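Some notes on the structure that comes next.
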Amino acid sequence: MIEVMARPKKRLFLALILASLLVATLSTYGLWMVSFPGLANISTHLPIILGVFLALFILAIGIGVGGIILAILGFSTLALFQGPAWSAINLLFPLAIRIGKIFDVEKERVERSFIEVSNYLIQQKRIKVAPEKLLILTPHCIQQEMCQYKVTHDISNCRKCGACQVGDLLTISENFGVHVAISNGGTLARKVVKTLRPHAILAIACERDLTSGIQDVFPIPVIGVLNERPNGPCCNTRIDIKRVEKAVQDFILKK
């Protein structure tokens with residue numbers, strides 16, 4: 001049974017991606033036209049070579065957008081489309097955000113759609129990694145604000161008192177043998193990724209941090225899980241632990 005993903009926000013995201021593809025195509029053609037006279041003075045073959053290269057680049061993005069369309073409609077994405085679709089969504093997303101801003105589309109709506117479609121594309125690739133090559137990465141706001149046992153640099157400081165869900169993540173780490181890291185910002189998160197060199201990441205954060213994080217670590221595959229913010233942003237956030245555990249099980253190789 002095909003899961004229908006074409007809800008209004010998915011259709012909005014599709015419209016922005018298609019608009020981004022159009023802008024990218026026109027910009028590429030403009031680049032070729034501007035470069036044509038100078039390259040022709042050097043060699044009559046250079047404009048043709050550049051034109052073919054740029055045409056192949058746009059064709060690859062177009063194939064990727066085709067994969068994104070299949071994902072948004074809920075169809076299983078063919079292997080031919082999976083790689084280009086994953087690349088296209090990351091390349092065109094910043095442009096989609098800017099186009100959305102022009103038309104007064106709320107940025108958070110675009111980000112949430114990006115995360116959902118990106119997750120679907122990653123799941124379609126059926127990536128499997130060894131447990132020690134999977135990293136669960138979450139912001140420090142998941143810890144109880146008043147807790148005296150800070151876990152940003154060492155999650156093992158957690159006492160598993162149950163006041164927050166850090167203990168649950170630590171339990172998942174112990175049960176499955178995966179890495180868990182808690183960061184207080186993008187710089188520390190990038191340092192953790194550089195140090196551990198994971199083959200896949202399960203990231204937990206808000207829309208803004210997830211989209212920027214997925215962009216930062218591309219092409220490392222990332223499954224994004226949105227946190228819950230009952231106390232507002234960046235304060236005692238919560239997560240769906242069952243969803244996190246299911247994502248871990250889907251990622252890791254069974255022994």
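We name chains A, B, ... following the order of the structure tokens; residues begin at 1 in each chain, and ligands are numbered from 1 as shown.
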
Determine, counting only C-alpha atoms, which protein, DNA and RNA residues have an atom within 9 Å of an atom of Leu170 of chain A; residues of the same chain fewer than 5 positions away are not included. Present the result as a short mmCIF file (atom, residue, chain, number, x, y, z; two decimals) with N, CA and C atoms, in the first residue's frame.
```cif
data_model
loop_
_atom_site.label_atom_id
_atom_site.label_comp_id
_atom_site.auth_asym_id
_atom_site.auth_seq_id
_atom_site.Cartn_x
_atom_site.Cartn_y
_atom_site.Cartn_z
N ILE A 155 28.09 12.22 28.40
CA ILE A 155 26.73 11.79 28.71
C ILE A 155 26.70 10.80 29.86
N SER A 156 27.83 10.14 30.14
CA SER A 156 27.86 9.17 31.23
C SER A 156 27.68 9.83 32.60
N CYS A 158 25.14 11.35 33.39
CA CYS A 158 23.71 11.23 33.68
C CYS A 158 23.46 10.20 34.77
N LYS A 160 20.38 9.03 35.37
CA LYS A 160 19.15 8.32 34.98
C LYS A 160 18.05 8.46 36.01
N GLN A 165 15.05 12.96 29.50
CA GLN A 165 15.18 11.74 28.70
C GLN A 165 16.63 11.43 28.30
N ASN A 175 22.30 -0.42 24.98
CA ASN A 175 21.63 -1.62 24.45
C ASN A 175 22.05 -1.94 23.02
N HIS A 179 26.76 5.41 19.36
CA HIS A 179 27.26 6.60 20.05
C HIS A 179 26.11 7.58 20.29
N VAL A 180 26.17 8.27 21.41
CA VAL A 180 25.24 9.36 21.71
C VAL A 180 26.05 10.56 22.13
#
```

Per-residue DSSP, segment 143-201 of chain A, filtered to alpha helix (DSSP H), as a list of chain:residue names: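 The alpha helix (DSSP H) residues within segment 143-201 of chain A come out as A:Val166, A:Gly167, A:Asp168, A:Leu169, A:Leu170, A:Thr171, A:Ile172, A:Ser173, A:Glu174, A:Asn175, A:Phe176, A:Gly186, A:Thr187, A:Leu188, A:Ala189, A:Arg190, A:Lys191, A:Val192, A:Val193, A:Lys194, A:Thr195, A:Leu196.
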
Within 10 Å of Phe218 of chain A using only C-alpha atoms, minus same-chain residues under 6 positions, as a PyMOL selection string: chain A and resi 86-87+90-91

Those same residues - C-alpha atoms - I'd like them written as an mmCIF file, in the first residue's frame.
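Done, and the output landed in again-v1.cif:
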```cif
data_model
loop_
_atom_site.group_PDB
_atom_site.id
_atom_site.type_symbol
_atom_site.label_atom_id
_atom_site.label_comp_id
_atom_site.auth_asym_id
_atom_site.auth_seq_id
_atom_site.Cartn_x
_atom_site.Cartn_y
_atom_site.Cartn_z
ATOM 1 C CA TRP A 86 19.192 13.239 -2.172
ATOM 2 C CA SER A 87 21.748 15.575 -3.749
ATOM 3 C CA ASN A 90 20.271 19.537 -0.439
ATOM 4 C CA LEU A 91 21.460 21.714 -3.330
#
```

Within 10 Å of segment 186-203 of chain A using only C-alpha atoms, minus same-chain residues under 2 positions, as an NGL selection string: :A and (127-139 or 152-153 or 178-184 or 205-206 or 209-210 or 212-214 or 216-217 or 219-227 or 244 or 247-248 or 251-252)

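The environment of Cys141 of chain A within 7 Å, counting only C-alpha atoms and disregarding residues fewer than 2 places along the same chain, consists of Pro139, Gln143, Cys234, Cys235, Asn236 and Thr237 of chain A.
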
Using only C-alpha atoms: which of A:Ile142, A:Arg109, A:Asp250, A:Ile99 has the shortest distance to Lys125 of chain A: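 Comparing A:Ile142, A:Arg109, A:Asp250, A:Ile99 against Lys125 of chain A, the winner is A:Asp250.
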
Quick one: DSSP strand (DSSP E or B) residues in segment 132-212 of chain A, as a count of residues only? 17

9 Å contact set for Leu16 of chain A, only C-alpha atoms, chain neighbours under 6 positions out, as a PyMOL selection string: chain A and resi 93+95-97+99-100+110

Check the smallest atom-to-atom distance from each of A:Glu116, A:Arg208, A:Ile172, A:His45 to Gln249 of chain A using only C-alpha atoms, then report the winner. A:Ile172

Which of these, A:Gln144, A:Leu92, A:Ile69, A:Val166, has the shortest distance to Tyr120 of chain A once you count only C-alpha atoms? A:Ile69

Show me, as a PyMOL selection string, the residues that have an atom within 12 Å of Pro84 of chain A when counting only C-alpha atoms, minus same-chain residues fewer than 4 positions from it. chain A and resi 57-68+77-80+88-92+121-122+125+219

Those same residues - N, CA, C and O atoms - I'd like them written as a tab-separated table (two decimals), in the first residue's frame.
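Result went into selection.tsv, see below:
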```
chain	number	residue	atom	x	y	z
A	57	PHE	N	24.79	18.89	-15.73
A	57	PHE	CA	24.56	19.26	-14.33
A	57	PHE	C	23.08	19.51	-14.07
A	57	PHE	O	22.50	18.99	-13.10
A	58	ILE	N	22.44	20.27	-14.95
A	58	ILE	CA	21.01	20.56	-14.79
A	58	ILE	C	20.18	19.29	-14.97
A	58	ILE	O	19.19	19.06	-14.27
A	59	LEU	N	20.60	18.41	-15.91
A	59	LEU	CA	19.90	17.15	-16.12
A	59	LEU	C	19.94	16.29	-14.86
A	59	LEU	O	18.93	15.68	-14.47
A	60	ALA	N	21.11	16.25	-14.21
A	60	ALA	CA	21.25	15.46	-12.98
A	60	ALA	C	20.33	16.00	-11.88
A	60	ALA	O	19.67	15.23	-11.17
A	61	ILE	N	20.28	17.33	-11.76
A	61	ILE	CA	19.38	17.93	-10.77
A	61	ILE	C	17.93	17.63	-11.13
A	61	ILE	O	17.10	17.35	-10.26
A	62	GLY	N	17.62	17.69	-12.44
A	62	GLY	CA	16.26	17.39	-12.88
A	62	GLY	C	15.85	15.97	-12.54
A	62	GLY	O	14.72	15.73	-12.11
A	63	ILE	N	16.78	15.02	-12.71
A	63	ILE	CA	16.51	13.63	-12.33
A	63	ILE	C	16.26	13.55	-10.82
A	63	ILE	O	15.36	12.85	-10.35
A	64	GLY	N	17.07	14.31	-10.07
A	64	GLY	CA	16.89	14.34	-8.62
A	64	GLY	C	15.54	14.89	-8.23
A	64	GLY	O	14.87	14.36	-7.33
A	65	VAL	N	15.10	15.95	-8.90
A	65	VAL	CA	13.78	16.52	-8.61
A	65	VAL	C	12.69	15.51	-8.94
A	65	VAL	O	11.68	15.42	-8.25
A	66	GLY	N	12.92	14.70	-9.99
A	66	GLY	CA	11.97	13.63	-10.29
A	66	GLY	C	11.85	12.66	-9.13
A	66	GLY	O	10.74	12.22	-8.78
A	67	GLY	N	12.98	12.34	-8.50
A	67	GLY	CA	12.96	11.48	-7.32
A	67	GLY	C	12.23	12.13	-6.16
A	67	GLY	O	11.50	11.46	-5.42
A	68	ILE	N	12.41	13.44	-6.00
A	68	ILE	CA	11.72	14.16	-4.93
A	68	ILE	C	10.21	14.12	-5.16
A	68	ILE	O	9.42	13.94	-4.22
A	77	THR	N	10.96	5.28	-4.39
A	77	THR	CA	11.88	5.93	-5.30
A	77	THR	C	12.84	4.91	-5.90
A	77	THR	O	13.52	4.18	-5.17
A	78	LEU	N	12.88	4.84	-7.23
A	78	LEU	CA	13.77	3.91	-7.91
A	78	LEU	C	15.22	4.22	-7.58
A	78	LEU	O	15.58	5.37	-7.31
A	79	ALA	N	16.06	3.19	-7.63
A	79	ALA	CA	17.48	3.36	-7.30
A	79	ALA	C	18.13	4.43	-8.17
A	79	ALA	O	19.00	5.18	-7.71
A	80	LEU	N	17.68	4.53	-9.44
A	80	LEU	CA	18.22	5.53	-10.35
A	80	LEU	C	18.04	6.94	-9.82
A	80	LEU	O	18.87	7.83	-10.03
A	88	ALA	N	19.91	16.64	-4.94
A	88	ALA	CA	19.12	17.78	-5.41
A	88	ALA	C	18.41	18.50	-4.27
A	88	ALA	O	18.37	19.73	-4.23
A	89	ILE	N	17.87	17.73	-3.33
A	89	ILE	CA	17.13	18.36	-2.24
A	89	ILE	C	18.06	19.21	-1.37
A	89	ILE	O	17.68	20.27	-0.88
A	90	ASN	N	19.31	18.76	-1.23
A	90	ASN	CA	20.27	19.54	-0.44
A	90	ASN	C	20.80	20.75	-1.21
A	90	ASN	O	21.03	21.81	-0.63
A	91	LEU	N	20.97	20.60	-2.52
A	91	LEU	CA	21.46	21.71	-3.33
A	91	LEU	C	20.41	22.81	-3.50
A	91	LEU	O	20.72	24.01	-3.47
A	92	LEU	N	19.14	22.40	-3.68
A	92	LEU	CA	18.09	23.36	-3.98
A	92	LEU	C	17.40	23.93	-2.75
A	92	LEU	O	16.71	24.95	-2.84
A	121	LEU	N	13.68	9.96	1.68
A	121	LEU	CA	14.70	9.59	0.71
A	121	LEU	C	15.78	8.71	1.33
A	121	LEU	O	16.25	7.74	0.73
A	122	ILE	N	16.18	9.06	2.56
A	122	ILE	CA	17.20	8.25	3.26
A	122	ILE	C	16.65	6.86	3.56
A	122	ILE	O	17.35	5.85	3.38
A	125	LYS	N	16.78	4.52	0.67
A	125	LYS	CA	18.11	3.98	0.36
A	125	LYS	C	18.45	2.76	1.21
A	125	LYS	O	19.41	2.05	0.92
A	219	PRO	N	27.57	14.78	2.56
A	219	PRO	CA	26.61	13.74	2.20
A	219	PRO	C	26.42	12.62	3.23
A	219	PRO	O	25.93	11.54	2.86
```

Minimum-distance residue to Ala19 of chain A, chosen among A:Arg112, A:Asp154, A:Met33, A:Ile102 (using only C-alpha atoms): A:Ile102

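Across the structure, atom CA of Gln148 of chain A and atom CA of Glu207 of chain A are spaced 28.0 Å apart.
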
Please determine, counting only C-alpha atoms, which residue among A:Val117, A:Ile241, A:Leu21, A:Ala55 has the shortest atom-to-atom distance to Asp168 of chain A.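 Of all the options, A:Ile241 lies closest to Asp168 of chain A.
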